[in-house]
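Quick look at data.pdb (PDB, C-alpha atoms):
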ATOM      1  CA  MET A  78      37.210  27.605 111.445
ATOM      2  CA  LYS A  79      38.959  26.428 108.286
ATOM      3  CA  ASN A  80      35.794  26.924 106.260
ATOM      4  CA  THR A  81      35.394  30.421 107.712
ATOM      5  CA  LEU A  82      38.966  31.423 106.852
ATOM      6  CA  LYS A  83      38.453  30.925 103.133
ATOM      7  CA  TYR A  84      36.164  33.979 103.248
ATOM      8  CA  ALA A  85      38.622  35.995 105.351
ATOM      9  CA  SER A  86      41.372  36.615 102.817
ATOM     10  CA  ASN A  87      43.220  39.106 105.043
ATOM     11  CA  TYR A  88      43.191  36.965 108.189
ATOM     12  CA  ASP A  89      46.962  36.471 108.448
ATOM     13  CA  GLU A  90      47.756  40.165 107.909
ATOM     14  CA  ILE A  91      45.126  41.239 110.458
ATOM     15  CA  ILE A  92      46.118  38.735 113.148
ATOM     16  CA  SER A  93      49.831  39.472 112.796
ATOM     17  CA  PHE A  94      49.384  43.254 112.571
ATOM     18  CA  ILE A  95      51.719  45.061 114.976
ATOM     19  CA  PHE A  96      50.159  48.008 116.777
ATOM     20  CA  ASP A  97      50.797  50.152 119.812
ATOM     21  CA  GLU A  98      49.470  48.383 122.923
ATOM     22  CA  GLU A  99      47.994  51.693 124.087
ATOM     23  CA  ASP A 100      45.837  51.869 120.954
ATOM     24  CA  PHE A 101      42.642  50.708 122.614
ATOM     25  CA  ILE A 102      40.458  50.960 119.502
ATOM     26  CA  THR A 103      42.717  48.857 117.279
ATOM     27  CA  LYS A 104      43.124  46.296 120.037
ATOM     28  CA  ARG A 105      39.341  46.004 120.449
ATOM     29  CA  ILE A 106      38.778  45.733 116.687
ATOM     30  CA  ILE A 107      41.372  42.981 116.208
ATOM     31  CA  ASN A 108      40.133  41.047 119.255
ATOM     32  CA  TYR A 109      36.550  41.349 118.062
ATOM     33  CA  TYR A 110      37.617  40.121 114.611
ATOM     34  CA  LYS A 111      39.338  37.052 116.097
ATOM     35  CA  GLU A 112      36.385  36.213 118.345
ATOM     36  CA  TYR A 113      33.872  36.744 115.557
ATOM     37  CA  LEU A 114      35.681  34.341 113.223
ATOM     38  CA  LEU A 115      36.118  31.747 115.956
ATOM     39  CA  ASP A 116      32.422  31.886 116.878
ATOM     40  CA  THR A 117      31.142  31.941 113.305
ATOM     41  CA  LYS A 118      30.223  28.654 111.725
ATOM     42  CA  GLY A 119      30.547  30.089 108.223
ATOM     43  CA  SER A 120      26.832  30.700 107.942
ATOM     44  CA  ASP A 121      27.100  34.286 106.751
ATOM     45  CA  ASN A 122      29.951  34.487 104.265
ATOM     46  CA  LYS A 123      29.016  37.997 103.156
ATOM     47  CA  CYS A 124      29.385  39.354 106.706
ATOM     48  CA  ILE A 125      32.736  37.600 107.091
ATOM     49  CA  ARG A 126      34.031  39.100 103.840
ATOM     50  CA  GLU A 127      32.769  42.584 104.691
ATOM     51  CA  LEU A 128      34.223  42.501 108.198
ATOM     52  CA  ASP A 129      37.527  41.138 106.892
ATOM     53  CA  GLU A 130      37.769  43.855 104.251
ATOM     54  CA  SER A 131      36.806  46.682 106.593
ATOM     55  CA  VAL A 132      39.198  45.595 109.381
ATOM     56  CA  TYR A 133      42.014  45.253 106.844
ATOM     57  CA  GLU A 134      41.291  48.731 105.488
ATOM     58  CA  TYR A 135      41.152  50.109 109.029
ATOM     59  CA  LEU A 136      44.648  48.738 109.655
ATOM     60  CA  THR A 137      46.207  49.721 106.325
ATOM     61  CA  ASP A 138      44.438  52.935 105.285
ATOM     62  CA  ASN A 139      45.354  55.813 107.574
ATOM     63  CA  LYS A 140      42.430  57.957 106.416
ATOM     64  CA  PHE A 141      39.905  55.234 107.185
ATOM     65  CA  ASN A 142      41.604  54.602 110.525
ATOM     66  CA  ILE A 143      41.178  58.267 111.470
ATOM     67  CA  PHE A 144      37.584  58.231 110.209
ATOM     68  CA  VAL A 145      36.679  55.229 112.406
ATOM     69  CA  THR A 146      38.588  56.534 115.417
ATOM     70  CA  ASN A 147      36.846  59.901 115.253
ATOM     71  CA  TYR A 148      33.458  58.244 114.802
ATOM     72  CA  LEU A 149      33.904  55.926 117.792
ATOM     73  CA  GLU A 150      35.276  58.690 120.001
ATOM     74  CA  GLU A 151      32.281  60.884 119.173
ATOM     75  CA  LEU A 152      29.917  58.053 120.086
ATOM     76  CA  GLU A 153      31.722  57.386 123.352
ATOM     77  CA  GLU A 154      31.509  61.076 124.270
ATOM     78  CA  SER A 155      27.743  61.009 123.785
ATOM     79  CA  ASN A 156      27.506  59.017 127.062
ATOM     80  CA  ASP A 157      24.518  56.916 126.065
ATOM     81  CA  ASP A 158      25.960  53.761 127.713
ATOM     82  CA  ILE A 159      26.032  51.725 124.503
ATOM     83  CA  ASP A 160      29.086  49.592 123.725
ATOM     84  CA  TYR A 161      29.610  50.236 120.021
ATOM     85  CA  TYR A 162      32.293  47.575 119.835
ATOM     86  CA  ASN A 163      29.805  44.745 120.328
ATOM     87  CA  ASN A 164      28.381  44.944 116.802
ATOM     88  CA  LEU A 165      31.511  45.680 114.821
ATOM     89  CA  ASP A 166      30.537  43.047 112.269
ATOM     90  CA  ILE A 167      27.679  45.378 111.319
ATOM     91  CA  ASN A 168      29.038  48.814 112.218
ATOM     92  CA  LEU A 169      32.534  48.643 110.733
ATOM     93  CA  PRO A 170      31.434  47.538 107.229
ATOM     94  CA  LYS A 171      28.765  50.268 107.260
ATOM     95  CA  LEU A 172      31.392  52.834 108.203
ATOM     96  CA  TYR A 173      33.663  51.557 105.448
ATOM     97  CA  LYS A 174      30.899  51.888 102.857
ATOM     98  CA  ARG A 175      30.168  55.412 104.062
ATOM     99  CA  PHE A 176      33.873  56.264 104.003
ATOM    100  CA  LYS A 177      34.242  54.986 100.426
ATOM    101  CA  SER A 178      31.157  56.899  99.335
ATOM    102  CA  ASP A 179      32.371  60.098 101.007
ATOM    103  CA  SER A 180      35.843  59.764  99.521
ATOM    104  CA  LEU A 181      34.405  59.264  96.027
ATOM    105  CA  ASN A 182      32.390  62.435  96.438
ATOM    106  CA  THR A 183      35.446  64.415  97.517
ATOM    107  CA  ILE A 184      37.290  65.910  94.593
ATOM    108  CA  SER A 185      40.989  66.264  95.122
ATOM    109  CA  SER A 186      43.149  68.734  93.275
ATOM    110  CA  THR A 187      45.127  67.236  90.427
ATOM    111  CA  ARG A 188      47.209  70.294  89.755
ATOM    112  CA  TRP A 189      50.503  69.602  88.028
ATOM    113  CA  LEU A 190      53.483  71.624  89.079
TER     114      LEU A 190
END

Can you turn what I pasted into structure tokens?
Amino acid sequence: MKNTLKYASNYDEIISFIFDEEDFITKRIINYYKEYLLDTKGSDNKCIRELDESVYEYLTDNKFNIFVTNYLEELEESNDDIDYYNNLDINLPKLYKRFKSDSLNTISSTRWL
């Protein structure tokens, strides 16, 4: 575990993050993160870093939080009986990359008043 934590630079902030107990998605993401790091033997440092970064951004960036929440709710409504929380180590970093790409392509107004 100690070896794994050196690749999870946001571990303390993520584990101690205070959230509403009724926020099912955040609860599942944080629990998955904990279990993933406990079960990982440090074999895939890139996946650990990407998951750590994407979970941290989910918790601290409101826009990314909304993006992930909307995405997961849409998938759940599709009723295809797939648990999308099982592969968060793959899905969440992919969503974060897509979110960053989309936000770079969005031009915001820089009008001065």

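Residues in contact with Leu172 of chain A at 10 Å, where all atoms listed in the file are counted and same-chain residues fewer than 5 positions away are skipped, are listed as Ser131, Phe141, Phe144, Val145, Tyr148, Leu165, Ile167, Lys177 and Ser178 of chain A.
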
- Message: Could you list, as a PyMOL selection string, every residue matched by the PyMOL selection byres ((chain A and resi 95-108) around 9) in this structure?
- Response: chain A and resi 91-94+109-113+132+135-136+142+146+149+162+165

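When the PyMOL selection byres ((chain A and resi 124-129) around 9) is evaluated against the file, it yields Thr81, Leu82, Tyr84, Ala85, Ser86, Asn87, Tyr88, Ile91, Tyr110, Tyr113, Leu114, Thr117, Gly119, Asp121, Asn122, Lys123, Glu130, Ser131, Val132, Tyr133, Glu134, Leu165, Asp166, Ile167, Leu169 and Pro170 of chain A.
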
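Between atom CA of Lys174 of chain A and atom CA of Glu154 of chain A lies a distance of 23.3 Å.
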
- Message: What does the structure give for the distance between atom CA of Asp138 of chain A and atom CA of Leu115 of chain A, in Å to one decimal?
- Response: 25.1 Å

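A straight line drawn from atom CA of Glu90 of chain A to atom CA of Glu150 of chain A is 25.4 Å long.
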